[in-house]
$ cat work_33.txt   # compact mmCIF, C-alpha atoms and all ligand atoms
# COMPACT_ATOMS: atom_id res chain seq x y z
CA MET A 719 0.00 0.00 0.00
CA SER A 720 1.36 3.42 -0.88
CA ASN A 721 -0.07 6.79 0.03
CA GLN A 722 2.81 8.66 -1.51
CA HIS A 723 0.64 9.99 -4.34
CA LEU A 724 -1.44 11.97 -1.81
CA GLY A 725 1.49 14.33 -1.09
CA VAL A 726 0.58 14.59 2.60
CA LYS A 727 2.71 16.05 5.40
CA PRO A 728 5.25 13.79 7.20
CA GLN A 729 3.07 13.75 10.33
CA THR A 730 0.46 11.91 8.25
CA SER A 731 2.64 9.91 5.88
CA ILE A 732 4.69 8.30 8.67
CA PHE A 733 1.61 6.26 9.58
CA SER A 734 1.52 4.48 6.26
CA LYS A 735 4.46 5.33 4.02
CA GLY A 736 7.20 2.77 3.58
CA TYR A 737 5.40 -0.17 5.22
CA ASP A 738 3.26 -2.78 3.46
CA PRO A 739 1.22 -4.77 6.05
CA GLN A 740 0.47 -7.44 3.41
CA ARG A 741 4.15 -8.44 3.53
CA SER A 742 3.89 -8.97 7.31
CA GLU A 743 0.78 -11.14 7.77
CA GLY A 744 -1.36 -7.97 7.82
CA ALA A 745 0.26 -6.68 11.00
CA ALA A 746 -1.02 -3.12 11.53
CA THR A 747 2.39 -1.93 12.66
CA PRO A 748 5.73 -3.41 11.61
CA PRO A 749 6.96 -6.42 13.59
CA VAL A 750 10.59 -6.63 14.69
CA PHE A 751 12.49 -8.62 12.03
CA ARG A 752 15.04 -10.09 14.41
CA THR A 753 17.05 -12.05 11.88
CA SER A 754 20.66 -11.85 10.79
CA THR A 755 20.17 -13.18 7.25
CA PHE A 756 17.56 -13.47 4.48
CA LEU A 757 16.79 -16.26 2.01
CA PHE A 758 17.22 -15.90 -1.75
CA LYS A 759 14.68 -17.61 -4.00
CA THR A 760 17.38 -18.46 -6.56
CA ALA A 761 21.17 -18.18 -6.85
CA GLU A 762 20.66 -15.65 -9.66
CA GLU A 763 18.61 -13.47 -7.30
CA GLY A 764 21.38 -13.68 -4.70
CA LYS A 765 24.00 -12.68 -7.27
CA ARG A 766 21.98 -9.63 -8.34
CA ALA A 767 21.39 -8.63 -4.69
CA PHE A 768 25.14 -8.45 -4.09
CA GLU A 769 25.82 -6.60 -7.35
CA ILE A 770 23.48 -3.84 -6.16
CA ALA A 771 24.62 -3.87 -2.53
CA TYR A 772 28.29 -3.44 -3.44
CA GLY A 773 27.60 -0.94 -6.21
CA LEU A 774 29.06 -3.35 -8.79
CA SER A 775 26.30 -2.52 -11.24
CA PRO A 776 23.69 0.28 -11.13
CA MET A 777 20.09 -0.44 -10.21
CA LYS A 778 17.75 -0.78 -13.18
CA GLU A 779 14.39 0.99 -13.46
CA GLY A 780 11.97 -0.56 -10.95
CA GLU A 781 14.70 -2.47 -9.06
CA SER A 782 15.31 -1.95 -5.33
CA PRO A 783 18.04 -3.26 -3.01
CA ALA A 784 17.24 -6.81 -1.88
CA LEU A 785 17.37 -7.93 1.73
CA ILE A 786 20.63 -9.83 2.21
CA TYR A 787 22.07 -9.66 5.70
CA THR A 788 21.21 -7.36 8.63
CA ARG A 789 24.58 -5.57 8.53
CA VAL A 790 23.57 -4.46 5.00
CA ASN A 791 19.86 -3.76 5.54
CA ASN A 792 16.79 -5.09 7.31
CA PRO A 793 13.02 -4.45 6.97
CA ASN A 794 13.05 -2.41 10.20
CA SER A 795 15.85 -0.11 9.07
CA GLU A 796 14.32 0.22 5.60
CA ILE A 797 10.84 1.04 6.91
CA LEU A 798 12.31 3.69 9.20
CA GLU A 799 14.53 5.17 6.47
CA GLY A 800 11.53 5.35 4.13
CA LYS A 801 9.62 7.42 6.69
CA VAL A 802 12.21 9.82 8.11
CA ILE A 803 13.12 11.30 4.71
CA GLY A 804 9.75 13.08 4.64
CA TRP A 805 10.69 15.85 7.06
CA ASP A 806 13.95 16.87 5.41
CA GLY A 807 12.82 16.28 1.84
CA ALA A 808 15.68 13.81 1.32
CA GLU A 809 15.73 11.16 -1.40
CA ASP A 810 17.21 8.52 0.88
CA ALA A 811 18.35 7.93 4.46
CA ALA A 812 20.69 5.53 6.25
CA LEU A 813 20.25 4.36 9.82
CA PHE A 814 23.32 3.91 12.05
CA GLY A 815 24.11 2.43 15.44
CA SER A 816 24.91 5.91 16.82
CA GLY A 817 25.18 9.55 15.79
CA MET A 818 28.97 9.11 15.75
CA GLY A 819 28.49 6.06 13.50
CA ALA A 820 26.52 8.27 11.07
CA ILE A 821 29.10 11.08 11.18
CA SER A 822 32.22 8.91 10.92
CA SER A 823 30.86 6.54 8.26
CA THR A 824 29.55 9.44 6.15
CA CYS A 825 32.80 11.41 6.39
CA LEU A 826 34.84 8.34 5.51
CA ALA A 827 32.61 7.69 2.49
CA PHE A 828 33.80 10.94 0.88
CA LEU A 829 37.14 12.00 2.41
CA ARG A 830 40.41 10.60 1.10
CA PRO A 831 44.04 10.99 2.26
CA GLY A 832 45.20 14.49 1.31
CA ASP A 833 41.69 16.00 1.61
CA THR A 834 40.77 18.69 4.12
CA LEU A 835 37.54 19.00 6.10
CA VAL A 836 36.55 22.49 7.28
CA PHE A 837 34.22 22.56 10.31
CA SER A 838 32.32 25.03 12.45
CA ASP A 839 33.70 25.24 15.98
CA PRO A 840 32.52 24.06 18.49
CA VAL A 841 30.94 20.76 17.58
CA TYR A 842 29.85 17.89 19.85
CA GLY A 843 32.88 16.52 21.77
CA GLY A 844 32.91 13.14 20.00
CA THR A 845 32.78 14.79 16.58
CA GLU A 846 35.55 17.14 17.71
CA TYR A 847 37.71 14.15 18.71
CA PHE A 848 37.05 12.44 15.37
CA PHE A 849 38.01 15.58 13.44
CA ARG A 850 41.02 16.63 15.51
CA HIS A 851 42.53 13.28 16.45
CA LEU A 852 41.28 10.43 14.21
CA LEU A 853 40.98 11.92 10.70
CA PRO A 854 44.57 13.32 10.76
CA GLN A 855 45.82 9.77 11.39
CA PHE A 856 44.51 8.94 7.90
CA ASN A 857 46.19 12.06 6.46
CA ILE A 858 42.85 13.89 6.31
CA LYS A 859 43.44 17.40 7.59
CA THR A 860 40.84 19.44 9.45
CA LYS A 861 40.55 23.14 10.19
CA HIS A 862 37.75 25.22 11.64
CA PHE A 863 35.98 28.56 11.66
CA PRO A 864 34.03 29.90 14.64
CA ALA A 865 30.32 28.98 14.64
CA GLY A 866 28.39 31.99 13.41
CA ALA A 867 31.31 33.19 11.25
CA THR A 868 30.66 35.54 8.33
CA LYS A 869 30.71 34.26 4.78
CA ALA A 870 34.08 35.96 4.27
CA GLU A 871 35.54 34.18 7.33
CA MET A 872 34.25 30.84 6.06
CA GLU A 873 35.48 31.51 2.55
CA ALA A 874 38.97 32.32 3.82
CA MET A 875 39.25 28.68 4.94
CA VAL A 876 38.42 27.35 1.48
CA LYS A 877 39.54 29.75 -1.21
CA ASP A 878 43.29 29.16 -1.32
CA ASP A 879 43.13 25.52 -0.38
CA PRO A 880 42.38 23.11 -3.25
CA THR A 881 42.41 20.18 -0.80
CA VAL A 882 39.11 21.20 0.83
CA LYS A 883 36.59 18.43 0.16
CA ALA A 884 33.85 19.13 2.71
CA ILE A 885 32.39 21.85 4.93
CA PHE A 886 30.85 20.39 8.08
CA ILE A 887 28.44 22.55 10.07
CA GLU A 888 26.83 21.75 13.40
CA SER A 889 23.96 24.21 13.78
CA PRO A 890 23.03 25.06 16.48
CA ALA A 891 26.46 24.24 17.87
CA ASN A 892 26.73 22.02 20.93
CA PRO A 893 26.87 23.55 23.55
CA THR A 894 27.03 27.25 22.60
CA MET A 895 23.82 27.18 20.49
CA MET A 896 25.47 29.36 17.82
CA LEU A 897 23.97 28.98 14.34
CA SER A 898 26.21 28.81 11.27
CA ASP A 899 25.29 29.98 7.80
CA ILE A 900 24.30 26.97 5.70
CA CYS A 901 23.41 29.01 2.57
CA ALA A 902 26.83 30.70 2.69
CA ALA A 903 28.51 27.29 2.97
CA ARG A 904 26.57 26.15 -0.13
CA GLU A 905 27.65 29.22 -2.10
CA ILE A 906 31.29 28.78 -1.10
CA ALA A 907 31.18 25.06 -1.91
CA ASP A 908 29.74 25.79 -5.37
CA GLN A 909 32.24 28.55 -6.05
CA TYR A 910 35.31 26.45 -5.22
CA SER A 911 34.14 23.06 -6.52
CA THR A 912 35.79 21.82 -9.69
CA PRO A 913 34.60 19.20 -12.22
CA GLU A 914 37.05 16.77 -10.56
CA LYS A 915 36.19 17.63 -6.97
CA LYS A 916 32.79 18.65 -5.68
CA ILE A 917 32.94 20.21 -2.21
CA LEU A 918 30.21 18.72 -0.01
CA VAL A 919 28.22 20.57 2.65
CA MET A 920 27.32 18.37 5.62
CA VAL A 921 25.10 19.61 8.46
CA ASP A 922 24.59 18.04 11.87
CA ASN A 923 20.92 18.91 12.47
CA THR A 924 20.56 17.07 15.80
CA PHE A 925 19.46 20.03 17.95
CA MET A 926 16.66 21.50 15.82
CA GLY A 927 15.79 18.85 13.29
CA PRO A 928 13.84 17.48 11.75
CA ILE A 929 10.95 19.65 12.94
CA PHE A 930 12.45 23.14 13.26
CA SER A 931 15.15 23.13 10.59
CA SER A 932 15.72 21.47 7.20
CA PRO A 933 19.31 21.99 6.00
CA LEU A 934 18.82 20.04 2.74
CA LYS A 935 16.28 22.66 1.70
CA LEU A 936 18.93 25.36 2.38
CA GLY A 937 21.44 23.67 0.11
CA ALA A 938 23.22 21.08 2.28
CA ASP A 939 24.23 17.87 0.50
CA LEU A 940 24.00 15.65 3.56
CA VAL A 941 22.20 16.00 6.89
CA LEU A 942 23.29 14.06 9.96
CA TYR A 943 21.58 13.23 13.22
CA SER A 944 22.21 11.68 16.53
CA ALA A 945 18.88 9.79 16.50
CA THR A 946 19.64 9.02 20.15
CA LYS A 947 18.15 12.46 20.79
CA PHE A 948 14.80 13.71 19.46
CA PHE A 949 14.15 10.86 16.97
CA GLY A 950 14.40 8.25 19.74
CA GLY A 951 13.17 10.78 22.27
CA HIS A 952 13.03 8.56 25.38
CA SER A 953 16.70 8.17 26.38
CA ASP A 954 16.42 4.42 25.82
CA LEU A 955 18.47 3.89 22.66
CA VAL A 956 21.57 5.05 20.77
CA ALA A 957 21.35 5.57 17.00
CA GLY A 958 22.19 7.89 14.11
CA ILE A 959 20.74 8.86 10.74
CA ALA A 960 22.27 10.35 7.58
CA MET A 961 20.17 11.69 4.71
CA GLY A 962 20.76 13.09 1.25
CA SER A 963 20.41 12.33 -2.45
CA LYS A 964 20.13 8.74 -3.67
CA ALA A 965 23.57 8.97 -5.30
CA LEU A 966 25.38 10.20 -2.16
CA MET A 967 23.50 7.84 0.14
CA ALA A 968 24.46 4.87 -2.07
CA GLN A 969 28.12 5.64 -1.24
CA VAL A 970 27.27 6.11 2.44
CA LYS A 971 25.45 2.77 2.54
CA VAL A 972 28.34 0.84 1.00
CA ASN A 973 30.55 2.27 3.75
CA ARG A 974 27.98 1.44 6.42
CA THR A 975 27.96 -2.18 5.26
CA ILE A 976 31.74 -2.50 5.39
CA LEU A 977 32.29 -0.52 8.60
CA GLY A 978 29.40 -2.44 10.20
CA SER A 979 27.77 0.68 11.59
CA ILE A 980 24.05 -0.02 10.99
CA ALA A 981 21.68 -0.12 14.01
CA ASP A 982 20.02 -3.40 14.99
CA PRO A 983 16.35 -4.17 14.15
CA ASP A 984 15.13 -3.58 17.73
CA THR A 985 16.63 -0.08 17.76
CA ALA A 986 15.11 0.67 14.35
CA TRP A 987 11.73 -0.51 15.63
CA LEU A 988 11.94 1.65 18.76
CA ILE A 989 12.77 4.77 16.74
CA HIS A 990 9.94 3.90 14.37
CA ARG A 991 7.55 3.83 17.33
CA SER A 992 8.83 7.25 18.44
CA LEU A 993 8.15 8.87 15.06
CA ALA A 994 4.43 9.35 15.66
CA THR A 995 5.13 11.62 18.65
CA LEU A 996 8.26 13.32 17.29
CA GLN A 997 6.55 16.54 16.23
CA ILE A 998 4.29 16.81 19.27
CA ARG A 999 7.21 16.11 21.64
CA MET A 1000 9.48 18.67 20.02
CA GLU A 1001 6.73 21.30 20.00
CA LYS A 1002 5.78 20.76 23.65
CA GLN A 1003 9.43 20.59 24.77
CA GLN A 1004 9.98 23.90 22.97
CA GLU A 1005 6.93 25.42 24.69
CA ASN A 1006 8.33 24.35 28.08
CA ALA A 1007 11.81 25.62 27.17
CA LEU A 1008 10.43 29.05 26.30
CA LYS A 1009 8.98 29.30 29.83
CA LEU A 1010 12.35 28.40 31.36
CA VAL A 1011 14.11 30.91 29.12
CA THR A 1012 11.77 33.69 30.26
CA TYR A 1013 12.44 32.77 33.90
CA LEU A 1014 16.23 32.46 33.53
CA ALA A 1015 16.55 35.67 31.49
CA SER A 1016 15.73 37.81 34.51
CA HIS A 1017 17.49 35.69 37.16
CA PRO A 1018 20.19 37.70 38.95
CA LYS A 1019 22.64 34.74 38.99
CA VAL A 1020 22.29 33.98 35.27
CA TYR A 1021 23.89 35.75 32.33
CA GLU A 1022 24.75 35.19 28.67
CA MET A 1023 21.89 32.87 27.88
CA SER A 1024 22.27 31.10 24.52
CA TYR A 1025 19.01 30.10 22.89
CA PRO A 1026 18.08 30.45 19.20
CA GLY A 1027 15.95 33.48 18.43
CA LEU A 1028 16.95 35.43 21.56
CA PRO A 1029 17.74 39.06 20.65
CA SER A 1030 20.68 38.95 23.09
CA MET A 1031 22.40 36.45 20.73
CA GLY A 1032 23.06 39.43 18.43
CA GLU A 1033 21.68 40.73 15.17
CA ARG A 1034 23.55 38.29 12.92
CA GLN A 1035 22.45 35.24 14.91
CA LEU A 1036 18.87 36.52 14.85
CA GLU A 1037 19.05 36.96 11.09
CA LEU A 1038 20.41 33.42 10.65
CA TRP A 1039 17.76 32.03 12.95
CA LYS A 1040 14.96 33.65 10.92
CA LYS A 1041 16.48 32.29 7.71
CA GLN A 1042 17.28 28.77 8.91
CA ALA A 1043 14.77 27.75 11.56
CA THR A 1044 11.04 27.60 12.15
CA GLY A 1045 11.34 27.23 15.91
CA THR A 1046 13.63 27.76 18.86
CA GLY A 1047 14.00 24.18 20.11
CA SER A 1048 14.38 22.97 23.66
CA ILE A 1049 18.09 23.20 24.45
CA ILE A 1050 19.18 26.13 26.64
CA THR A 1051 22.75 27.05 27.53
CA PHE A 1052 23.57 29.74 30.07
CA LYS A 1053 26.30 30.97 32.38
CA ILE A 1054 26.06 31.19 36.15
CA LYS A 1055 27.76 34.05 37.96
CA GLY A 1056 30.90 32.43 39.37
CA GLY A 1057 32.90 29.46 38.11
CA GLU A 1058 32.95 25.67 38.27
CA ALA A 1059 32.26 25.58 42.04
CA GLU A 1060 29.09 27.65 41.74
CA SER A 1061 27.93 25.63 38.73
CA PHE A 1062 28.55 22.31 40.55
CA ARG A 1063 26.65 23.50 43.65
CA MET A 1064 23.69 24.33 41.43
CA LEU A 1065 23.89 21.02 39.52
CA ASP A 1066 24.13 19.02 42.75
CA ALA A 1067 21.05 20.78 44.13
CA ILE A 1068 18.80 20.06 41.10
CA GLU A 1069 16.01 17.61 41.95
CA HIS A 1070 13.57 17.15 39.05
CA MET A 1071 16.03 17.44 36.17
CA LYS A 1072 18.51 14.60 35.80
CA LEU A 1073 22.22 15.33 35.95
CA ALA A 1074 23.23 13.54 32.74
CA VAL A 1075 24.61 14.18 29.27
CA SER A 1076 22.52 13.65 26.11
CA LEU A 1077 19.44 15.63 25.15
CA GLY A 1078 16.15 15.53 23.30
CA GLY A 1079 14.46 12.98 25.59
CA VAL A 1080 11.11 13.31 27.33
CA GLU A 1081 12.84 14.00 30.66
CA SER A 1082 14.84 17.15 31.34
CA LEU A 1083 18.61 16.66 31.52
CA ILE A 1084 21.18 19.11 32.82
CA GLN A 1085 24.96 18.92 32.38
CA HIS A 1086 28.24 20.84 32.59
CA PRO A 1087 29.80 20.91 29.06
CA SER A 1088 33.30 21.99 30.14
CA SER A 1089 33.83 18.98 32.43
CA MET A 1090 31.50 16.52 30.67
CA THR A 1091 30.57 16.50 26.93
CA HIS A 1092 33.49 18.76 25.91
CA SER A 1093 36.03 17.74 28.55
CA ASP A 1094 38.46 16.41 25.94
CA MET A 1095 39.11 19.88 24.52
CA SER A 1096 42.20 21.73 25.76
CA PRO A 1097 41.68 24.87 27.89
CA ALA A 1098 42.74 27.00 24.89
CA GLU A 1099 40.33 25.21 22.55
CA LYS A 1100 37.52 25.69 25.06
CA ILE A 1101 38.24 29.41 25.37
CA HIS A 1102 38.32 29.69 21.59
CA ALA A 1103 34.98 27.88 21.28
CA GLY A 1104 33.38 29.89 24.12
CA ILE A 1105 32.97 26.93 26.50
CA THR A 1106 33.49 28.20 30.03
CA GLU A 1107 33.52 26.58 33.48
CA ASN A 1108 30.35 28.41 34.54
CA MET A 1109 28.37 27.16 31.52
CA VAL A 1110 25.42 24.83 32.04
CA ARG A 1111 23.28 23.16 29.35
CA ILE A 1112 19.68 22.05 29.83
CA SER A 1113 17.64 19.80 27.56
CA VAL A 1114 14.05 20.60 28.47
CA GLY A 1115 11.66 17.67 28.62
CA LEU A 1116 7.97 17.14 29.20
CA GLU A 1117 7.68 17.68 32.96
CA ASP A 1118 5.39 20.46 34.15
CA PRO A 1119 7.37 23.64 33.38
CA ASP A 1120 6.32 25.29 36.65
CA ASP A 1121 7.96 22.43 38.56
CA LEU A 1122 11.11 22.79 36.46
CA ILE A 1123 11.23 26.54 37.19
CA ALA A 1124 10.79 25.90 40.92
CA ASP A 1125 13.61 23.36 40.71
CA LEU A 1126 15.91 25.84 38.96
CA ALA A 1127 14.98 28.53 41.49
CA GLN A 1128 15.96 26.43 44.51
CA ALA A 1129 19.14 25.13 42.84
CA LEU A 1130 20.30 28.57 41.74
CA GLU A 1131 19.72 29.78 45.28
CA LYS A 1132 22.45 27.31 46.35
CA ALA A 1133 24.88 28.23 43.55
C1 LIG B 1 25.09 17.49 18.00
C2 LIG B 1 25.49 16.06 18.23
N1 LIG B 1 25.91 15.33 17.19
C3 LIG B 1 26.29 14.04 17.35
C4 LIG B 1 26.27 13.44 18.59
C5 LIG B 1 26.73 12.01 18.73
O1 LIG B 1 25.62 11.18 18.81
P1 LIG B 1 25.64 9.72 19.50
O2 LIG B 1 25.87 9.95 20.95
O3 LIG B 1 24.28 9.18 19.17
O4 LIG B 1 26.73 8.96 18.87
C6 LIG B 1 25.82 14.15 19.69
C7 LIG B 1 25.78 13.52 21.02
O5 LIG B 1 25.49 14.15 22.02
C8 LIG B 1 25.42 15.51 19.51
O6 LIG B 1 25.01 16.26 20.54
$ encode --input "work_33.txt" --output "structure tokens"
Amino acid sequence: MSNQHLGVKPQTSIFSKGYDPQRSEGAATPPVFRTSTFLFKTAEEGKRAFEIAYGLSPMKEGESPALIYTRVNNPNSEILEGKVIGWDGAEDAALFGSGMGAISSTCLAFLRPGDTLVFSDPVYGGTEYFFRHLLPQFNIKTKHFPAGATKAEMEAMVKDDPTVKAIFIESPANPTMMLSDICAAREIADQYSTPEKKILVMVDNTFMGPIFSSPLKLGADLVLYSATKFFGGHSDLVAGIAMGSKALMAQVKVNRTILGSIADPDTAWLIHRSLATLQIRMEKQQENALKLVTYLASHPKVYEMSYPGLPSMGERQLELWKKQATGTGSIITFKIKGGEAESFRMLDAIEHMKLAVSLGGVESLIQHPSSMTHSDMSPAEKIHAGITENMVRISVGLEDPDDLIADLAQALEKA
């Protein structure tokens, strides 16, 4: 059954698109296909399945990748991938065992020794480690521009360097919430691409996507997610997603098969179950976050609050926000008057929110980026990226916002 011809919104199409109940005994929702391997009807069919899976010969009109082995694909991953592309307007998606699996496998699908990756700084600590410490071991150089940089600042990284192969943007940046200019990255990539080397624009859309921002529609080639966050939404799984054109995703999927970075069927099924509430969760979490932002903005112990759309983020950030987002999201970063000691006293006093890293789940989480998610950065790198010892990041969940405000009030009292 296909409702694709109706052209409905993702919130409707996710209930039917990409799943045929007749292929699963009429089950109204997809079962978990907990199998490692799949049977071929004939040897010829098996041969053709591998030709397509390894990109040995292009798919013909009407052909689709066959099910072979769960490290390659699985009905649960395929059903999920068929649904999630709706929000971003992607042609294809690939599910991974973690956000880092999506980022590393996608980068390694396109970067070769001698290439350079240019990235917005800061990015999530794991991504930072991959860029600064692992890629250089394969002779892939990395360099960065500050998140929120002007087009000229971004261009300066690319224009005299023919080795640049990709521009990677995390927007909003973790944990500073700074937006980077995706349209400018597209223009720069187009200007400095050559027939032999197309510069790719990759965007980590974990914080705002897929509901409040759609980088592919702004010109990105590939969009990446930690699906551990809003897609999963319940802090009970770890996964990642990459999306883009069919041609680029074919390369990503070959890499996923060989690196073994696909998620298992149970994880795919759990994310699939979370899709129905993705929009409503993100909208309600945002509504709650806005109440916390209003409270924190006038708190005498709080300053430099970072939250998309806040006028205090500056004119340029506001302009980027209007251009690139349709919402403000539910992640708030702010500084407490004092240093690490004051921040720790506040964090230790919190009762309703959980002191834990990660974000995007139904429960509110609070953490200290400098000593937790970004602890691997050197003091100089932290200063450069604007990550200070009095910085705290909250992921706002679905608790009653008045209780969360009361919790913050009593904890800040002890800071
Ligand atoms: C923006 C961002 N990208 C990627 C990741 C990595 O995702 P995962 O933990 O699912 O590997 C994270 C994790 O916090 C993140 O915040």
$ residues_around --input "work_33.txt" --residues "Pro749 (chain A)" --least-positions-apart "2" --cutoff "10 Å" --atoms "all atoms listed in the file" --output "JSON, numbers by chain"
{"A": [739, 742, 743, 745, 746, 747, 751, 752, 793, 794, 983, 984, 987]}
$ closest_residue --input "work_33.txt" --among "A:His952, A:Gly780, A:Thr755, A:Ser979" --to "Arg991 (chain A)" --atoms "all atoms listed in the file"
A:His952
$ residues_near_ligand --input "work_33.txt" --ligand "ligand LIG 1 (chain B)" --cutoff "6 Å" --atoms "only C-alpha atoms and all ligand atoms" --output "list in words"
Ser816, Gly817, Met818, Tyr842, Asn892, Thr924, Ser944, Thr946, Val956, Ala957, Gly958 and Ser1076 of chain A
$ axis_aligned_box --input "work_33.txt" --around "region 927-935 of chain A" --padding-each-side "3 Å" --output "lines of an AutoDock Vina configuration file"
center_x = 15.1
center_y = 20.3
center_z = 7.5
size_x = 14.4
size_y = 11.7
size_z = 17.6
$ closest_residue --input "work_33.txt" --among "A:Glu781, A:Pro854, A:Val1110, A:Ala874" --to "Gln1085 (chain A)" --atoms "all atoms listed in the file"
A:Val1110
$ atom_distance --input "work_33.txt" --atom1 "CA of Leu774 (chain A)" --atom2 "CA of Gly819 (chain A)"
24.2 Å
$ atom_distance --input "work_33.txt" --atom1 "CA of Gly866 (chain A)" --atom2 "CA of Leu897 (chain A)"
5.4 Å
$ residues_around --input "work_33.txt" --residues "Gln1042 (chain A)" --least-positions-apart "2" --cutoff "12 Å" --atoms "all atoms listed in the file" --output "number ranges by chain"
A: 889-890, 897-902, 923, 926-927, 929-938, 1026-1027, 1035-1040, 1044-1046
$ closest_residue --input "work_33.txt" --among "A:Ile917, A:Met896, A:Cys825, A:Leu1122" --to "Glu1069 (chain A)" --atoms "all atoms listed in the file"
A:Leu1122
$ residues_around --input "work_33.txt" --residues "Leu1077 (chain A)" --least-positions-apart "6" --cutoff "10 Å" --atoms "only C-alpha atoms" --output "JSON, numbers by chain"
{"A": [924, 925, 944, 946, 947, 948, 951, 952, 953, 1048, 1049, 1083, 1084, 1085, 1111, 1112, 1113, 1114, 1115]}
$ closest_atom_pairs --input "work_33.txt" --of "region 889-992 of chain A" --to "region 1051-1057 of chain A" --cutoff "10 Å" --atoms "only C-alpha atoms" --output "Markdown table"
| residue | atom | partner | partner_atom | distance |
| --- | --- | --- | --- | --- |
| A:Asn892 | CA | A:Thr1051 | CA | 9.2 |
| A:Pro893 | CA | A:Thr1051 | CA | 6.7 |
| A:Thr894 | CA | A:Thr1051 | CA | 6.5 |
| A:Met895 | CA | A:Thr1051 | CA | 7.1 |
$ closest_residue --input "work_33.txt" --among "A:Leu852, A:Val970, A:Val836, A:Val1075" --to "Ala865 (chain A)" --atoms "all atoms listed in the file"
A:Val836
$ closest_residue --input "work_33.txt" --among "A:Lys964, A:Glu1005, A:Glu905, A:Val841" --to "Thr1091 (chain A)" --atoms "all atoms listed in the file"
A:Val841
$ closest_residue --input "work_33.txt" --among "A:Leu1014, A:Ala986, A:Val1020, A:Met1031" --to "Leu955 (chain A)" --atoms "all atoms listed in the file"
A:Ala986
$ build_atoms --input "work_33.txt" --residues "region 773-787 of chain A" --atoms "N, CA and C atoms" --output "compact mmCIF listing (two decimals), in the frame of the given file"
# COMPACT_ATOMS: atom_id res chain seq x y z
N GLY A 773 27.47 -1.95 -5.18
CA GLY A 773 27.60 -0.94 -6.21
C GLY A 773 28.35 -1.46 -7.43
N LEU A 774 28.31 -2.78 -7.67
CA LEU A 774 29.06 -3.35 -8.79
C LEU A 774 28.36 -3.07 -10.11
N SER A 775 27.03 -2.89 -10.02
CA SER A 775 26.30 -2.52 -11.24
C SER A 775 25.10 -1.68 -10.81
N PRO A 776 24.76 -0.63 -11.58
CA PRO A 776 23.69 0.28 -11.13
C PRO A 776 22.33 -0.41 -11.11
N MET A 777 21.44 0.13 -10.27
CA MET A 777 20.09 -0.44 -10.21
C MET A 777 19.34 -0.09 -11.48
N LYS A 778 18.55 -1.05 -11.97
CA LYS A 778 17.75 -0.78 -13.18
C LYS A 778 16.43 -0.16 -12.75
N GLU A 779 15.72 0.40 -13.70
CA GLU A 779 14.39 0.99 -13.46
C GLU A 779 13.51 -0.05 -12.75
N GLY A 780 12.90 0.33 -11.65
CA GLY A 780 11.97 -0.56 -10.95
C GLY A 780 12.65 -1.52 -9.97
N GLU A 781 13.98 -1.57 -9.98
CA GLU A 781 14.70 -2.47 -9.06
C GLU A 781 14.90 -1.79 -7.72
N SER A 782 14.95 -2.54 -6.63
CA SER A 782 15.31 -1.95 -5.33
C SER A 782 16.29 -2.90 -4.65
N PRO A 783 17.07 -2.38 -3.67
CA PRO A 783 18.04 -3.26 -3.01
C PRO A 783 17.33 -4.43 -2.32
N ALA A 784 17.85 -5.63 -2.51
CA ALA A 784 17.24 -6.81 -1.88
C ALA A 784 17.70 -6.91 -0.43
N LEU A 785 16.94 -7.65 0.36
CA LEU A 785 17.37 -7.93 1.73
C LEU A 785 18.40 -9.05 1.66
N ILE A 786 19.54 -8.85 2.29
CA ILE A 786 20.63 -9.83 2.21
C ILE A 786 21.02 -10.32 3.61
N TYR A 787 21.41 -9.35 4.44
CA TYR A 787 22.07 -9.66 5.70
C TYR A 787 21.90 -8.40 6.55
